[in-house]
Every structure is written in C-alpha cells, then in structure tokens.
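With mmCIF, C-alpha atoms (C1' of nucleotides) inside, this is input_11.cif:
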data_structure
loop_
_atom_site.label_atom_id
_atom_site.label_comp_id
_atom_site.auth_asym_id
_atom_site.auth_seq_id
_atom_site.Cartn_x
_atom_site.Cartn_y
_atom_site.Cartn_z
CA MET A 169 6.57 -28.45 4.16
CA LYS A 170 3.89 -28.97 1.58
CA LYS A 171 4.68 -29.27 -2.09
CA LEU A 172 4.19 -26.09 -4.10
CA ASP A 173 1.22 -26.14 -6.42
CA HIS A 174 0.52 -24.28 -9.62
CA VAL A 175 -0.92 -21.24 -7.84
CA ASP A 176 2.15 -20.93 -5.60
CA ARG A 177 4.41 -20.98 -8.64
CA GLN A 178 2.29 -18.39 -10.38
CA ILE A 179 2.51 -16.16 -7.33
CA LEU A 180 6.30 -16.50 -7.33
CA GLN A 181 6.40 -15.79 -11.05
CA ILE A 182 4.42 -12.57 -10.61
CA LEU A 183 6.45 -11.46 -7.60
CA HIS A 184 9.63 -12.19 -9.50
CA GLU A 185 8.72 -9.47 -11.96
CA ASP A 186 7.66 -6.99 -9.28
CA GLY A 187 8.34 -7.82 -5.68
CA ARG A 188 6.04 -5.07 -4.49
CA ILE A 189 2.93 -5.68 -6.54
CA PRO A 190 -0.17 -5.52 -4.27
CA TYR A 191 -1.76 -8.78 -3.18
CA THR A 192 -5.06 -7.51 -4.54
CA GLU A 193 -3.49 -7.22 -7.98
CA ILE A 194 -2.02 -10.73 -7.85
CA ALA A 195 -5.43 -11.97 -6.69
CA HIS A 196 -7.09 -10.26 -9.61
CA GLN A 197 -4.58 -11.70 -12.10
CA LEU A 198 -5.05 -15.22 -10.77
CA GLY A 199 -8.78 -14.99 -10.20
CA VAL A 200 -8.74 -15.72 -6.48
CA SER A 201 -9.33 -13.60 -3.40
CA GLU A 202 -6.79 -11.35 -1.74
CA GLY A 203 -6.99 -13.52 1.37
CA THR A 204 -5.81 -16.55 -0.57
CA ILE A 205 -2.79 -14.73 -1.90
CA ARG A 206 -2.04 -13.41 1.54
CA SER A 207 -2.26 -16.76 3.29
CA ARG A 208 -0.21 -18.47 0.62
CA ILE A 209 2.50 -15.85 0.69
CA THR A 210 2.59 -16.04 4.48
CA ARG A 211 3.03 -19.80 4.22
CA LEU A 212 5.72 -19.56 1.54
CA LEU A 213 7.65 -17.06 3.65
CA GLN A 214 7.34 -19.20 6.76
CA ASP A 215 8.56 -22.23 4.85
CA GLY A 216 11.53 -20.19 3.63
CA VAL A 217 10.59 -20.70 0.00
CA PHE A 218 11.44 -17.11 -0.81
CA GLN A 219 12.20 -13.70 0.63
CA PHE A 220 11.31 -10.18 -0.38
CA VAL A 221 14.53 -8.39 -1.29
CA ILE A 222 15.84 -5.73 -3.57
CA GLN A 223 18.33 -6.16 -6.38
CA PRO A 224 20.62 -3.16 -6.61
CA ASP A 225 22.62 -2.38 -9.72
CA PRO A 226 26.27 -2.50 -8.56
CA GLU A 227 27.30 0.01 -11.25
CA LYS A 228 24.80 2.53 -9.96
CA LEU A 229 26.23 2.12 -6.48
CA GLY A 230 29.67 2.91 -7.80
CA LEU A 231 30.85 -0.68 -7.73
CA HIS A 232 32.48 -0.70 -11.13
CA VAL A 233 34.69 -3.71 -10.58
CA GLN A 234 33.28 -7.18 -10.14
CA ALA A 235 35.19 -10.40 -9.92
CA ILE A 236 34.80 -14.11 -9.52
CA ILE A 237 37.59 -15.61 -7.49
CA GLY A 238 38.33 -19.32 -7.40
CA LEU A 239 40.10 -20.35 -4.23
CA THR A 240 42.15 -23.34 -3.24
CA THR A 241 42.00 -23.99 0.48
CA LYS A 242 44.12 -26.05 2.79
CA LEU A 243 42.52 -29.32 3.77
CA GLY A 244 40.33 -28.93 6.83
CA LEU A 245 40.16 -25.17 6.73
CA GLN A 246 37.59 -24.76 3.95
CA LYS A 247 34.59 -24.09 6.15
CA GLU A 248 36.44 -21.59 8.29
CA VAL A 249 37.71 -19.77 5.22
CA ALA A 250 34.21 -19.70 3.70
CA GLU A 251 32.74 -18.23 6.85
CA LYS A 252 35.41 -15.56 7.07
CA LEU A 253 34.86 -14.61 3.44
CA SER A 254 31.11 -14.40 3.98
CA LYS A 255 31.62 -11.62 6.49
CA PHE A 256 32.87 -9.15 3.88
CA SER A 257 30.14 -6.95 2.51
CA ALA A 258 32.02 -6.82 -0.78
CA VAL A 259 31.53 -10.54 -1.08
CA ARG A 260 28.18 -11.34 -2.53
CA PHE A 261 28.45 -15.06 -3.07
CA VAL A 262 30.42 -17.86 -1.43
CA GLY A 263 30.08 -21.51 -2.38
CA ALA A 264 32.04 -24.74 -1.96
CA TYR A 265 32.54 -26.71 -5.15
CA SER A 266 33.83 -29.88 -6.59
CA GLY A 267 36.31 -29.26 -9.37
CA LYS A 268 39.35 -27.05 -9.77
CA HIS A 269 38.54 -24.66 -6.95
CA ASP A 270 37.39 -25.56 -3.49
CA LEU A 271 35.63 -22.26 -3.00
CA ILE A 272 34.27 -19.84 -5.54
CA ILE A 273 33.28 -16.33 -4.52
CA GLN A 274 31.82 -13.33 -6.26
CA ALA A 275 32.69 -9.84 -5.07
CA CYS A 276 32.17 -6.17 -5.99
CA PHE A 277 34.54 -3.24 -5.61
CA HIS A 278 34.63 0.46 -6.28
CA SER A 279 37.89 0.25 -8.17
CA ASN A 280 40.68 -2.02 -9.31
CA ASP A 281 42.64 -0.66 -6.39
CA GLU A 282 40.05 -1.88 -3.98
CA LEU A 283 40.08 -5.32 -5.61
CA ILE A 284 43.84 -5.52 -5.38
CA THR A 285 43.70 -4.45 -1.76
CA PHE A 286 41.15 -7.14 -1.08
CA VAL A 287 43.27 -9.84 -2.65
CA ASN A 288 46.62 -8.71 -1.29
CA GLU A 289 45.67 -7.53 2.18
CA ARG A 290 42.49 -9.36 3.10
CA LEU A 291 42.67 -12.73 1.37
CA SER A 292 46.35 -13.10 2.18
CA GLN A 293 45.54 -12.63 5.87
CA ILE A 294 43.13 -15.53 5.90
CA GLU A 295 44.84 -18.66 7.15
CA GLY A 296 43.95 -21.56 4.91
CA ILE A 297 43.89 -19.99 1.46
CA ALA A 298 46.54 -21.64 -0.69
CA ALA A 299 45.76 -19.96 -3.99
CA ALA A 300 43.38 -17.44 -5.54
CA ASP A 301 42.45 -17.32 -9.17
CA VAL A 302 40.88 -13.97 -10.02
CA SER A 303 38.63 -13.47 -13.04
CA LEU A 304 37.61 -9.90 -13.74
CA GLU A 305 34.10 -9.34 -15.01
CA LEU A 306 34.07 -7.63 -18.37
CA LYS A 307 30.36 -7.71 -19.02
CA GLN A 308 27.29 -9.03 -17.29
CA TYR A 309 24.66 -10.64 -19.49
CA LYS A 310 22.26 -12.01 -16.93
CA ASP A 311 21.82 -11.92 -13.19
CA THR A 312 18.46 -13.04 -11.94
CA PHE A 313 16.50 -15.73 -10.22
CA SER A 314 14.78 -16.72 -13.42
CA PHE A 315 14.41 -20.29 -12.25
CA VAL A 316 11.13 -19.30 -10.66
CA GLN A 317 9.33 -21.31 -13.28
CA ASP A 318 6.48 -23.62 -13.62
CA ASP A 319 7.72 -27.03 -12.59
CA GLU A 320 10.04 -28.85 -14.91
CA VAL A 321 10.88 -26.32 -17.56
CA THR A 322 14.36 -25.46 -16.41
CA LEU A 323 15.95 -26.33 -19.71
CA GLN A 324 13.76 -24.30 -22.02
CA MET B 118 21.60 10.69 -12.34
CA LYS B 119 22.27 12.29 -9.00
CA LYS B 120 24.70 10.83 -6.54
CA LEU B 121 23.14 8.77 -3.78
CA ASP B 122 23.22 10.37 -0.36
CA HIS B 123 23.16 8.90 3.10
CA VAL B 124 19.38 8.69 3.27
CA ASP B 125 19.21 6.83 -0.05
CA ARG B 126 21.72 4.29 1.21
CA GLN B 127 19.81 3.88 4.44
CA ILE B 128 16.63 3.25 2.47
CA LEU B 129 18.41 0.59 0.41
CA GLN B 130 19.81 -0.95 3.56
CA ILE B 131 16.38 -1.24 5.13
CA LEU B 132 14.78 -2.59 1.96
CA HIS B 133 17.61 -5.07 1.63
CA GLU B 134 16.44 -6.70 4.85
CA ASP B 135 12.76 -6.61 3.94
CA GLY B 136 11.79 -5.62 0.44
CA ARG B 137 8.18 -5.15 1.46
CA ILE B 138 8.46 -3.02 4.55
CA PRO B 139 5.95 -0.13 4.38
CA TYR B 140 7.21 3.31 3.41
CA THR B 141 5.64 4.68 6.57
CA GLU B 142 7.82 2.35 8.61
CA ILE B 143 11.00 3.34 6.77
CA ALA B 144 10.00 6.98 7.25
CA HIS B 145 9.56 6.39 10.95
CA GLN B 146 12.91 4.64 11.27
CA LEU B 147 14.72 7.44 9.46
CA GLY B 148 12.77 10.28 11.00
CA VAL B 149 11.44 11.75 7.76
CA SER B 150 8.00 11.84 6.17
CA GLU B 151 6.43 9.06 4.15
CA GLY B 152 6.37 11.35 1.12
CA THR B 153 10.13 11.72 1.22
CA ILE B 154 10.65 7.97 1.27
CA ARG B 155 8.15 7.58 -1.54
CA SER B 156 9.69 10.22 -3.78
CA ARG B 157 13.19 8.93 -3.17
CA ILE B 158 12.24 5.33 -3.90
CA THR B 159 10.45 6.45 -7.05
CA ARG B 160 13.59 8.27 -8.14
CA LEU B 161 15.87 5.33 -7.31
CA LEU B 162 13.66 2.98 -9.30
CA GLN B 163 13.54 5.35 -12.25
CA ASP B 164 17.31 5.69 -12.20
CA GLY B 165 17.58 1.90 -12.19
CA VAL B 166 19.48 1.88 -8.90
CA PHE B 167 17.50 -1.09 -7.70
CA GLN B 168 14.49 -3.30 -8.32
CA PHE B 169 12.01 -4.99 -6.04
CA VAL B 170 12.41 -8.74 -6.49
CA ILE B 171 12.13 -11.95 -4.57
CA GLN B 172 14.89 -14.36 -3.73
CA PRO B 173 13.66 -17.93 -3.88
CA ASP B 174 15.50 -20.77 -2.20
CA PRO B 175 16.46 -23.13 -5.05
CA GLU B 176 16.37 -26.15 -2.72
CA LYS B 177 12.78 -25.40 -1.75
CA LEU B 178 11.87 -25.26 -5.43
CA GLY B 179 13.34 -28.72 -5.92
CA LEU B 180 16.49 -27.44 -7.61
CA HIS B 181 18.94 -29.59 -5.70
CA VAL B 182 21.82 -29.33 -8.14
CA GLN B 183 23.65 -26.08 -8.72
CA ALA B 184 26.74 -25.55 -10.80
CA ILE B 185 29.17 -22.92 -11.95
CA ILE B 186 30.37 -23.58 -15.46
CA GLY B 187 33.41 -21.90 -16.95
CA LEU B 188 33.26 -21.74 -20.73
CA THR B 189 35.83 -21.22 -23.40
CA THR B 190 34.33 -19.67 -26.51
CA LYS B 191 35.56 -19.39 -30.06
CA LEU B 192 36.87 -15.97 -30.94
CA GLY B 193 34.09 -13.69 -32.16
CA LEU B 194 31.24 -15.85 -30.94
CA GLN B 195 31.32 -14.94 -27.25
CA LYS B 196 28.48 -12.46 -27.29
CA GLU B 197 26.23 -14.76 -29.26
CA VAL B 198 26.96 -17.65 -26.93
CA ALA B 199 26.28 -15.48 -23.88
CA GLU B 200 22.93 -14.38 -25.25
CA LYS B 201 21.89 -17.92 -26.07
CA LEU B 202 22.83 -19.08 -22.59
CA SER B 203 20.89 -16.23 -21.02
CA LYS B 204 17.70 -17.58 -22.55
CA PHE B 205 17.70 -20.71 -20.41
CA SER B 206 15.64 -20.35 -17.28
CA ALA B 207 18.00 -22.75 -15.54
CA VAL B 208 20.77 -20.25 -16.08
CA ARG B 209 20.78 -17.64 -13.40
CA PHE B 210 23.97 -15.79 -14.13
CA VAL B 211 26.02 -15.14 -17.26
CA GLY B 212 29.12 -12.98 -17.34
CA ALA B 213 32.13 -12.41 -19.58
CA TYR B 214 35.47 -12.51 -17.83
CA SER B 215 39.15 -11.99 -18.23
CA GLY B 216 41.10 -14.99 -17.08
CA LYS B 217 40.89 -18.69 -17.73
CA HIS B 218 37.31 -18.75 -18.91
CA ASP B 219 35.71 -16.38 -21.37
CA LEU B 220 32.26 -16.88 -19.91
CA ILE B 221 31.20 -18.00 -16.47
CA ILE B 222 27.63 -19.07 -15.81
CA GLN B 223 25.68 -20.24 -12.81
CA ALA B 224 22.79 -22.65 -13.26
CA CYS B 225 20.27 -24.67 -11.21
CA PHE B 226 18.82 -28.11 -11.94
CA HIS B 227 16.41 -30.56 -10.42
CA SER B 228 18.89 -33.43 -10.63
CA ASN B 229 22.30 -34.50 -11.82
CA ASP B 230 20.56 -35.98 -14.81
CA GLU B 231 19.18 -32.63 -15.75
CA LEU B 232 22.63 -31.06 -15.40
CA ILE B 233 24.19 -33.73 -17.59
CA THR B 234 21.45 -33.25 -20.16
CA PHE B 235 22.09 -29.52 -20.12
CA VAL B 236 25.80 -29.95 -20.69
CA ASN B 237 25.60 -32.78 -23.23
CA GLU B 238 22.53 -31.78 -25.20
CA ARG B 239 22.14 -28.04 -24.81
CA LEU B 240 25.65 -26.65 -24.45
CA SER B 241 27.00 -28.97 -27.12
CA GLN B 242 24.42 -27.63 -29.54
CA ILE B 243 25.59 -24.07 -29.13
CA GLU B 244 28.01 -23.14 -31.88
CA GLY B 245 31.01 -21.37 -30.43
CA ILE B 246 31.58 -23.21 -27.18
CA ALA B 247 35.00 -24.82 -27.27
CA ALA B 248 35.14 -26.16 -23.73
CA ALA B 249 33.08 -26.30 -20.56
CA ASP B 250 34.48 -26.68 -17.11
CA VAL B 251 31.77 -27.74 -14.67
CA SER B 252 32.05 -27.17 -10.93
CA LEU B 253 29.33 -28.73 -8.81
CA GLU B 254 28.13 -26.76 -5.84
CA LEU B 255 28.59 -28.69 -2.61
CA LYS B 256 27.49 -26.04 -0.19
CA GLN B 257 26.36 -22.45 -0.35
CA TYR B 258 27.64 -20.14 2.35
CA LYS B 259 26.37 -16.80 1.13
CA ASP B 260 24.17 -15.49 -1.64
CA THR B 261 22.99 -11.95 -1.23
CA PHE B 262 23.32 -8.40 -2.41
CA SER B 263 25.05 -7.40 0.79
CA PHE B 264 27.00 -4.68 -0.97
CA VAL B 265 24.13 -2.34 -0.23
CA GLN B 266 26.28 -0.54 2.28
CA ASP B 267 27.08 2.88 3.40
CA ASP B 268 29.60 4.32 1.00
CA GLU B 269 33.11 2.99 1.13
CA VAL B 270 32.90 0.11 3.54
CA THR B 271 33.02 -2.70 1.03
CA LEU B 272 36.02 -4.32 2.64
CA GLN B 273 34.77 -4.50 6.21
"C1'" DA C 183 21.13 37.95 -1.67
"C1'" DA C 184 17.40 37.16 -4.96
"C1'" DG C 185 15.39 34.12 -7.87
"C1'" DA C 186 14.89 29.54 -9.55
"C1'" DT C 187 14.89 24.84 -8.81
"C1'" DT C 188 14.37 20.82 -6.08
"C1'" DA C 189 13.02 18.31 -1.99
"C1'" DT C 190 10.10 17.75 1.97
"C1'" DT C 191 5.98 17.97 4.53
"C1'" DG C 192 1.07 17.68 5.51
"C1'" DC C 193 -3.24 15.94 4.81
"C1'" DG C 194 -7.60 14.16 2.77
"C1'" DA C 195 -8.96 10.48 -0.53
"C1'" DA C 196 -8.24 6.05 -2.45
"C1'" DA C 197 -6.38 1.63 -2.15
"C1'" DT C 198 -4.34 -2.09 0.32
"C1'" DT C 199 -3.63 -4.99 4.12
"C1'" DC C 200 -5.20 -7.17 8.21
"C1'" DG C 201 -8.10 -9.88 11.44
"C1'" DT C 202 -11.46 -13.03 11.72
"C1'" DA C 203 -15.61 -15.66 11.20
"C1'" DA C 204 -18.32 -18.28 7.89
"C1'" DA C 205 -18.39 -21.17 3.88
"C1'" DA C 206 -16.27 -24.32 0.78
"C1'" DA C 207 -13.13 -27.79 -0.44
"C1'" DA C 208 -10.07 -31.47 0.48
"C1'" DA C 209 -8.37 -35.14 3.21
"C1'" DT C 210 -9.22 -38.92 6.42
"C1'" DG C 211 -10.99 -43.12 7.74
"C1'" DA C 212 -14.51 -46.33 9.02
"C1'" DT D 232 -19.61 -44.04 0.17
"C1'" DC D 233 -20.57 -40.96 3.69
"C1'" DA D 234 -19.60 -38.50 7.84
"C1'" DT D 235 -16.02 -36.14 10.24
"C1'" DT D 236 -12.03 -33.55 10.61
"C1'" DT D 237 -8.77 -30.50 8.68
"C1'" DT D 238 -7.36 -27.13 5.53
"C1'" DT D 239 -8.23 -23.52 2.34
"C1'" DT D 240 -10.84 -19.94 0.54
"C1'" DT D 241 -13.95 -16.20 0.80
"C1'" DA D 242 -16.12 -12.09 2.62
"C1'" DC D 243 -16.07 -7.88 4.83
"C1'" DG D 244 -15.34 -4.13 8.27
"C1'" DA D 245 -11.37 -1.88 10.56
"C1'" DA D 246 -6.74 -0.37 10.48
"C1'" DT D 247 -3.00 0.93 7.83
"C1'" DT D 248 -0.65 2.31 3.83
"C1'" DT D 249 -0.23 4.57 -0.43
"C1'" DC D 250 -1.35 8.26 -3.44
"C1'" DG D 251 -2.10 12.99 -5.27
"C1'" DC D 252 -1.05 17.42 -4.70
"C1'" DA D 253 -0.52 22.00 -2.78
"C1'" DA D 254 2.14 24.61 0.60
"C1'" DT D 255 6.51 25.13 2.70
"C1'" DA D 256 11.35 24.56 3.22
"C1'" DA D 257 15.84 23.79 1.60
"C1'" DT D 258 19.29 23.96 -1.89
"C1'" DC D 259 21.47 25.66 -5.92
"C1'" DT D 260 22.78 29.46 -9.28
"C1'" DT D 261 24.44 33.52 -10.52
#

Rewrite the structure of this file - the entire thing - as structure tokens.
Amino acid sequence: MKKLDHVDRQILQILHEDGRIPYTEIAHQLGVSEGTIRSRITRLLQDGVFQFVIQPDPEKLGLHVQAIIGLTTKLGLQKEVAEKLSKFSAVRFVGAYSGKHDLIIQACFHSNDELITFVNERLSQIEGIAAADVSLELKQYKDTFSFVQDDEVTLQ
Amino acid sequence: MKKLDHVDRQILQILHEDGRIPYTEIAHQLGVSEGTIRSRITRLLQDGVFQFVIQPDPEKLGLHVQAIIGLTTKLGLQKEVAEKLSKFSAVRFVGAYSGKHDLIIQACFHSNDELITFVNERLSQIEGIAAADVSLELKQYKDTFSFVQDDEVTLQ
DNA sequence: AAGATTATTGCGAAATTCGTAAAAAAATGA
DNA sequence: TCATTTTTTTACGAATTTCGCAATAATCTT
C-alpha cells in the first residue's frame, strides 16, 4: 500500500464533510480531472483506507440511552467475550484495553429498561465477564472521524 | 419530525452497508421508484436523522495509537473542558457521563510519544481537569453504527 | 365520504459516472 | 543523463444516475 499524498488527504477531508459529493465537484475543488479523483478513490477503497457509510443520530432513531461499559474479563476468555459482544446490534464499539478494564464497549438503547435488560440478562449470560462498570451518557459533545487531517496536525 | 417507517429503516440499512449506492439501486431493491428514495432521503437528511460520511481506518492513516481517557473535572467546569477537548482533531469522541468519570473521550495518535505529549502538555493546560485515566487500545473488535436496525431489535 | 394534504410515480433534461485509449509524469536503471 | 518501463492523469463518448416537476395515488381530517 502506497503512502497517502496531499491530494489523497484532501479528498478524504472533502468526503468527510459530505460523503456523497460528486467526484466532478471534488475534481473542480482540487483542480484535477474527474478521472483522477475516481481512480484515487478506487485505490483508497481497495486499500481499505476508508469506507462510505452513514452516521445516524441515535436520538432520532429513538435510542435515547447510550452507555459506555467497562468490562473485566476472566483470563483467557477476553477474545471470546469481545466477539460475542460484537454480535449485538446495540453494541456500536468494542475494544480491548490496557488499564482498569479489559474491554470497553459503547452501546445504544431505546430506554433505561432496555439497558438494564442488556446488562442483567445478556451480559450476565456471557461466560467470562467478571464485572461490568456502566457509565450512562448524559451529553454527547463530539462524535466524528475528525482525524482525517493533513498529516501531522493531530494535536491542533 | 415524522416517525420513521419500515421503508426509511430499510433505506438506512442499505446505506449503512454502502453510503454511495445509487438511489436507483436502492429503489430497485425495495421495489419503489427512484423519486421515492430521493424524497425520503432528502427528508431524513433535513430532519438530521443521518449524514453521509466516510469512515477512515485510523491505522491506514498512520494513527497507530488509540486511547480512551476518562476524565474527572472540577465542578462547574465540565462543559468548558468538554468544548475545549472537542476542538482537538485527535479527539474523536467526547461525552459526559454518570459514573466514575465525568467525561470520557476517545482519541487517536501517530505514536505513543504523541499520546504522552497530548496528556502532559495539552490536557494539563486545560483548567478544570482534575484527573485523567488513560486506557490504551490493544485491539479493536467493532466500530460501527450497527444500530441502524429495524425497530426494536437492538438486543439481538 | 369529501376535501385537503402528503407521498409516489413517470419521464425528459441535466449532470455524473464509467470505460478506455492517449498523453503526461514519475520511477527505474544502465 | 537518457532511454525505458511503469504509473498517473487526462480526455471524451456512452451509460447511468440524479434532478425537476407535473400527474396520479394514497393518506389524513373532519
């Protein structure tokens, strides 16, 4: 996989703001031909650099309750637990971490009831979970892939 | 804002898999006209139900270090801290939570050095952060908006 | 049930995407 | 450095998609 150049990053930047902007428009903005944009995007997709997706607003879908849950897993069962958790559509994010919790997940629910059901009936059924530390989301300030940035400006 | 019906959810489901699939193709899959898909998507966008975005792979962008950081903030300064954190492009997610940590953020870095710099030089500069609990991501199992689902099946 | 409102369809025009060959640029290597 | 190979970009006609909008159909209100 070739290193991304400035044009690639600019393409990602533009698509980040509108994932459905026409290639002709990107081409116009960057002063190159549509074919260039097309071939670069094809390459980026093939290399798995990005995907075209949609970002739904959980609230608007009726998912009023969001939580981050830190899990402690029994030694040796972490991977299995992570894979089981990943199967739930309510679970948006699953990662293994160093630190207090072996696994951290993010999940969305229609109601507090649904969250409680998830914790008490689903998590408890999964062999290998020793403890779950639930944090309820009170307010979301940012949720984006803003790190699509020109090179080394992550800390600005 | 009108309640989403079955067709709306199906549209979201299809777009979730490929955010750039043509409207004509969605129309064909669902057995309705292109105009219907177009008018529904226009309405969903206007209502803020979803956005067209791209999902980059942090690894492929050279962001090899990801972390979740739980923060304890001084009473009254939480909102201000959250807004300052949201300004960093390295910071992908910022939320306020009940539980151990007042704020939980997710951030991406090129290296451990960059992470350390962020914690020691940037976070420490922000008035109102009392403590930061860093968890390093070891492996990501899932990262998606899979909760685009038909109605009440979040727990399947 | 009648009228009003909203959603869907159909279709020609405009715009975009696609396929591909030629030209240009970049990389390779003697 | 220069010639050759490889990669990238451009150009452009054909196919496809999107758009605008009027007619029709469906849904909602009373």

Task: Long-range neighbours of DT255 (chain D) as a ChimeraX atom specification, 10 Å cut-off, all atoms listed in the file, 3 positions minimum in chain - done: /C:190-192

Proximity of chain A to chain B: per-residue shortest pair, 6 Å limit, all atoms listed in the file, as a tab-separated table:
residue	atom	partner	partner_atom	distance
A:His184	CA	B:Val170	CA	5.4
A:Asp186	CA	B:Val170	CA	5.8
A:Gly187	CA	B:Val170	CA	4.3
A:Val217	CA	B:Asp174	CA	5.4
A:Phe218	CA	B:Pro173	CA	3.9
A:Gln219	CA	B:Gln172	CA	5.2
A:Phe220	CA	B:Ile171	CA	4.6
A:Val221	CA	B:Gly136	CA	4.3
A:Ile222	CA	B:Phe169	CA	4.6
A:Gln223	CA	B:Gln168	CA	5.2
A:Pro224	CA	B:Phe167	CA	3.9
A:Asp225	CA	B:Val166	CA	5.4
A:Lys228	CA	B:Val166	CA	5.5
A:Phe256	CA	B:Gln273	CA	5.5
A:Ser257	CA	B:Phe264	CA	5.2
A:Ala258	CA	B:Thr271	CA	4.6
A:Arg260	CA	B:Thr261	CA	5.4
A:Phe261	CA	B:Asp260	CA	4.5
A:Val262	CA	B:Lys259	CA	4.9
A:Gly263	CA	B:Gln257	CA	4.3
A:Ala264	CA	B:Lys256	CA	5.1
A:Tyr265	CA	B:Glu254	CA	4.5
A:Ser266	CA	B:Leu253	CA	5.1
A:Gly267	CA	B:Ser252	CA	5.0
A:Ser303	CA	B:Gly216	CA	5.0
A:Leu304	CA	B:Ser215	CA	5.2
A:Glu305	CA	B:Tyr214	CA	4.5
A:Leu306	CA	B:Tyr214	CA	5.1
A:Lys307	CA	B:Ala213	CA	5.1
A:Gln308	CA	B:Gly212	CA	4.4
A:Tyr309	CA	B:Val211	CA	5.2
A:Lys310	CA	B:Val211	CA	4.9
A:Asp311	CA	B:Phe210	CA	4.5
A:Thr312	CA	B:Arg209	CA	5.4
A:Phe313	CA	B:Arg209	CA	5.7
A:Ser314	CA	B:Ser206	CA	5.4
A:Phe315	CA	B:Ser206	CA	5.2
A:Thr322	CA	B:Ala207	CA	4.6
A:Leu323	CA	B:Ala207	CA	5.9
A:Gln324	CA	B:Phe205	CA	5.6

TODO: Figure out the distance between C1' of DT247 (chain D) and CA of Val200 (chain A), please, to one decimal in Å.
DONE: 22.7 Å

TODO: Skip DT238 (chain D) itself and residues of its chain fewer than 6 positions away, then list as a PyMOL selection string all residues within 9 Å of it, counting only C-alpha atoms (C1' of nucleotides).
DONE: chain C and resi 207-209

TODO: Pull out every residue of chain A sitting within 8 Å of chain C, counting all atoms listed in the file, and send them as a count of residues only.
DONE: 3

TODO: Identify every residue of chain D that has at least one atom within 10 Å of any atom of chain B, counting all atoms listed in the file, and report the result as a ChimeraX atom specification.
DONE: /D:247-250

- [ ] Expand the PyMOL selection byres ((chain B and resi 243) around 12) into the individual residues it matches in the shown file, reporting them as a list of chain:residue names.
- [x]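 Applying the PyMOL selection byres ((chain B and resi 243) around 12) to the structure shown produces B:Leu188, B:Thr190, B:Lys191, B:Leu194, B:Gln195, B:Glu197, B:Val198, B:Ala199, B:Glu200, B:Lys201, B:Leu202, B:Phe235, B:Val236, B:Asn237, B:Glu238, B:Arg239, B:Leu240, B:Ser241, B:Gln242, B:Glu244, B:Gly245, B:Ile246, B:Ala247, B:Ala248, B:Ala249.
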
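Reported to one decimal place, the separation of CA of Ser150 (chain B) from C1' of DT258 (chain D) is 18.4 Å.
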
TODO: Just give me the gap between C1' of DT260 (chain D) and CA of Arg160 (chain B) in Å, one decimal is fine.
DONE: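 Here the two named atoms are 23.1 Å from each other.
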